[in-house]
Amino acid sequence: MVKLIICITGMPGAGKSTIANGLKSKEFDVINMGNVIREAAKKKNLPPTHSALNTIMKKMRKKYGPEIIAKLIKEKIVSSNHDIVIIDGIRSYAEVNSLKKLATTKILSIHTSTNKRYELLLRRGRSDDPNCREYFDERDKQEIDIGVSSPIALADESISNNDLTIPQLINAAYNIIKKWHDKYSKSKM
C-alpha cells in the first residue's frame, strides 16, 4: 500500500525526470505524467511533438478538468507495491489535491536557471524539446498558463539545480524524500 506520494515539479528542463529516473534504483515506483499524454498521442497516431502533446493535454484538461492526468494515474498509484510513489511532472495544484485523496502527498520543486534549462533541453533532444530559444520561451509560458507555478511556489521543499552534478541532484532529492518518509513512518506508530 502506498504511504507517501512525492510530486516532483519544476519548469521544463529543471531536472525532474533526471531525479525520477535516478530514484528508480532506490526501490521507488515512478510514474511520469507526461507519458500519459504521450500514450494518448500514440493512440491517436499523432507525433510526440510539443505542439501535438500540448494540444492533447489542453483538450483533456478542458473536457475533464485540470486534475485529469492525476486521475488517470490513480490506478497505477493504488496498485503499487511500494511505500513511496514518485510522480514526475506535476503541472497544477489541482493535480496535487487529487493525489492527496489517495495518500500523504509532498511536493518537491526543482529550480534551475532559465539558461541552464535551455541548454539541458537542447542536449536532451527529446521529440517534444525546443530546438530554439523562441520555442523554449513559448513552452515556459504555456507551462505557467497551465498552472505549474502554483505547485512550484507551494512546494514542501525545493532544490536548486544550478550547480549540482546529476548524482548530487539525485542524492539531494533522495535525502529529502527519506526524511519525509521517516517522519511519516514515525507519526503512524
# chains A, B, ... in the order shown; residues from 1 in each chain; ligands from 1
call {"tool": "residues_around", "arguments": {"residues": "Val36 in chain A", "least_positions_apart": "4", "cutoff": "10 Å", "atoms": "only C-alpha atoms", "output": "MDAnalysis selection string"}}
result
chainID A and resid 31:32 40:42 53 57 69:70 72:73
call {"tool": "select_by_dssp", "arguments": {"residues": "range 23-182 of chain A", "states": "strand (DSSP E)", "output": "list in words"}}
result
Asp29, Val30, Ile31, Asn32, Ile84, Val85, Ile86, Ile87, Asp88, Thr104, Thr105, Lys106, Ile107, Leu108, Ser109, Ile110, His111, Glu157, Ser158, Ile159 and Ser160 of chain A
call {"tool": "select_by_dssp", "arguments": {"residues": "range 8-184 of chain A", "states": "helix (DSSP H, G or I)", "output": "PyMOL selection string"}}
result
chain A and resi 16-26+33-43+50-64+68-72+74-78+93-100+114-124+133-146+149-153+166-184
call {"tool": "write_last_selection", "arguments": {"atoms": "C-alpha atoms", "output": "short mmCIF file (atom, residue, chain, number, x, y, z; two decimals), in the first residue's frame"}}
result
data_model
loop_
_atom_site.label_atom_id
_atom_site.label_comp_id
_atom_site.auth_asym_id
_atom_site.auth_seq_id
_atom_site.Cartn_x
_atom_site.Cartn_y
_atom_site.Cartn_z
CA LYS A 16 12.54 16.33 -12.71
CA SER A 17 12.99 13.27 -14.92
CA THR A 18 16.68 13.03 -14.03
CA ILE A 19 15.67 12.72 -10.37
CA ALA A 20 12.80 10.34 -11.10
CA ASN A 21 14.99 8.05 -13.21
CA GLY A 22 17.73 8.14 -10.58
CA LEU A 23 15.30 7.22 -7.82
CA LYS A 24 14.08 4.08 -9.62
CA SER A 25 17.17 2.31 -8.28
CA LYS A 26 16.12 3.26 -4.73
CA MET A 33 2.70 12.26 -16.02
CA GLY A 34 3.94 13.31 -19.45
CA ASN A 35 3.83 9.68 -20.53
CA VAL A 36 0.04 9.75 -20.11
CA ILE A 37 -0.11 12.45 -22.78
CA ARG A 38 2.44 10.66 -24.97
CA GLU A 39 0.32 7.48 -24.79
CA ALA A 40 -2.77 9.47 -25.78
CA ALA A 41 -0.88 10.89 -28.78
CA LYS A 42 0.21 7.40 -29.79
CA LYS A 43 -3.39 6.13 -29.64
CA HIS A 50 5.41 19.53 -28.27
CA SER A 51 2.61 21.03 -30.35
CA ALA A 52 0.65 17.76 -30.56
CA LEU A 53 1.21 16.87 -26.90
CA ASN A 54 0.25 20.36 -25.75
CA THR A 55 -2.95 20.29 -27.80
CA ILE A 56 -3.95 16.89 -26.39
CA MET A 57 -3.18 17.99 -22.82
CA LYS A 58 -5.20 21.21 -23.15
CA LYS A 59 -8.18 19.39 -24.67
CA MET A 60 -8.14 16.78 -21.89
CA ARG A 61 -7.93 19.43 -19.18
CA LYS A 62 -10.71 21.48 -20.76
CA LYS A 63 -13.02 18.48 -21.14
CA TYR A 64 -12.29 16.63 -17.87
CA ILE A 68 -7.41 14.75 -15.19
CA ILE A 69 -3.83 13.49 -15.55
CA ALA A 70 -3.65 12.78 -11.81
CA LYS A 71 -6.95 10.90 -12.06
CA LEU A 72 -5.61 8.85 -14.97
CA LYS A 74 -4.67 6.83 -9.86
CA GLU A 75 -4.86 3.09 -10.65
CA LYS A 76 -1.08 2.88 -11.07
CA ILE A 77 -0.63 4.52 -7.68
CA VAL A 78 -3.24 2.39 -5.91
CA TYR A 93 -2.19 22.28 -7.81
CA ALA A 94 -5.45 20.61 -8.85
CA GLU A 95 -3.36 17.51 -9.61
CA VAL A 96 -1.76 17.69 -6.17
CA ASN A 97 -5.18 17.98 -4.49
CA SER A 98 -6.41 14.96 -6.43
CA LEU A 99 -3.41 12.90 -5.27
CA LYS A 100 -3.88 13.98 -1.65
CA THR A 114 16.42 29.61 -17.49
CA ASN A 115 19.71 29.47 -19.40
CA LYS A 116 20.76 26.16 -17.87
CA ARG A 117 17.34 24.62 -18.53
CA TYR A 118 17.53 25.72 -22.16
CA GLU A 119 20.98 24.17 -22.56
CA LEU A 120 19.85 20.94 -20.89
CA LEU A 121 16.79 20.62 -23.12
CA LEU A 122 18.86 21.20 -26.25
CA ARG A 123 21.19 18.37 -25.19
CA ARG A 124 18.38 16.04 -24.12
CA ARG A 133 15.12 29.92 -27.74
CA GLU A 134 11.84 31.34 -29.03
CA TYR A 135 10.19 27.92 -28.84
CA PHE A 136 11.68 27.35 -25.37
CA ASP A 137 10.29 30.68 -24.09
CA GLU A 138 6.85 29.88 -25.55
CA ARG A 139 6.86 26.48 -23.86
CA ASP A 140 7.69 28.09 -20.49
CA LYS A 141 4.77 30.48 -20.95
CA GLN A 142 2.44 27.57 -21.75
CA GLU A 143 3.57 25.68 -18.62
CA ILE A 144 2.90 28.75 -16.48
CA ASP A 145 -0.52 29.19 -18.10
CA ILE A 146 -1.37 25.55 -17.24
CA SER A 149 3.84 27.97 -10.91
CA SER A 150 1.41 27.05 -8.09
CA PRO A 151 2.96 23.70 -7.09
CA ILE A 152 6.43 25.22 -7.56
CA ALA A 153 5.56 28.09 -5.20
CA ILE A 166 23.47 14.51 -11.58
CA PRO A 167 24.50 12.30 -8.62
CA GLN A 168 24.32 15.30 -6.27
CA LEU A 169 20.84 16.22 -7.58
CA ILE A 170 19.53 12.68 -7.15
CA ASN A 171 21.12 12.39 -3.70
CA ALA A 172 19.62 15.73 -2.58
CA ALA A 173 16.15 14.56 -3.64
CA TYR A 174 16.64 11.14 -2.04
CA ASN A 175 17.66 12.70 1.29
CA ILE A 176 14.57 14.93 1.35
CA ILE A 177 12.28 12.03 0.47
CA LYS A 178 13.93 9.78 3.07
CA LYS A 179 13.40 12.49 5.71
CA TRP A 180 9.72 12.78 4.75
CA HIS A 181 9.28 9.01 4.81
CA ASP A 182 10.99 8.68 8.20
CA LYS A 183 8.81 11.45 9.65
CA TYR A 184 5.67 9.91 8.17
#
call {"tool": "closest_residue", "arguments": {"among": "A:Asp88, A:Asp156, A:Asp128, A:Asp163", "to": "Asp29 in chain A", "atoms": "only C-alpha atoms"}}
result
A:Asp88
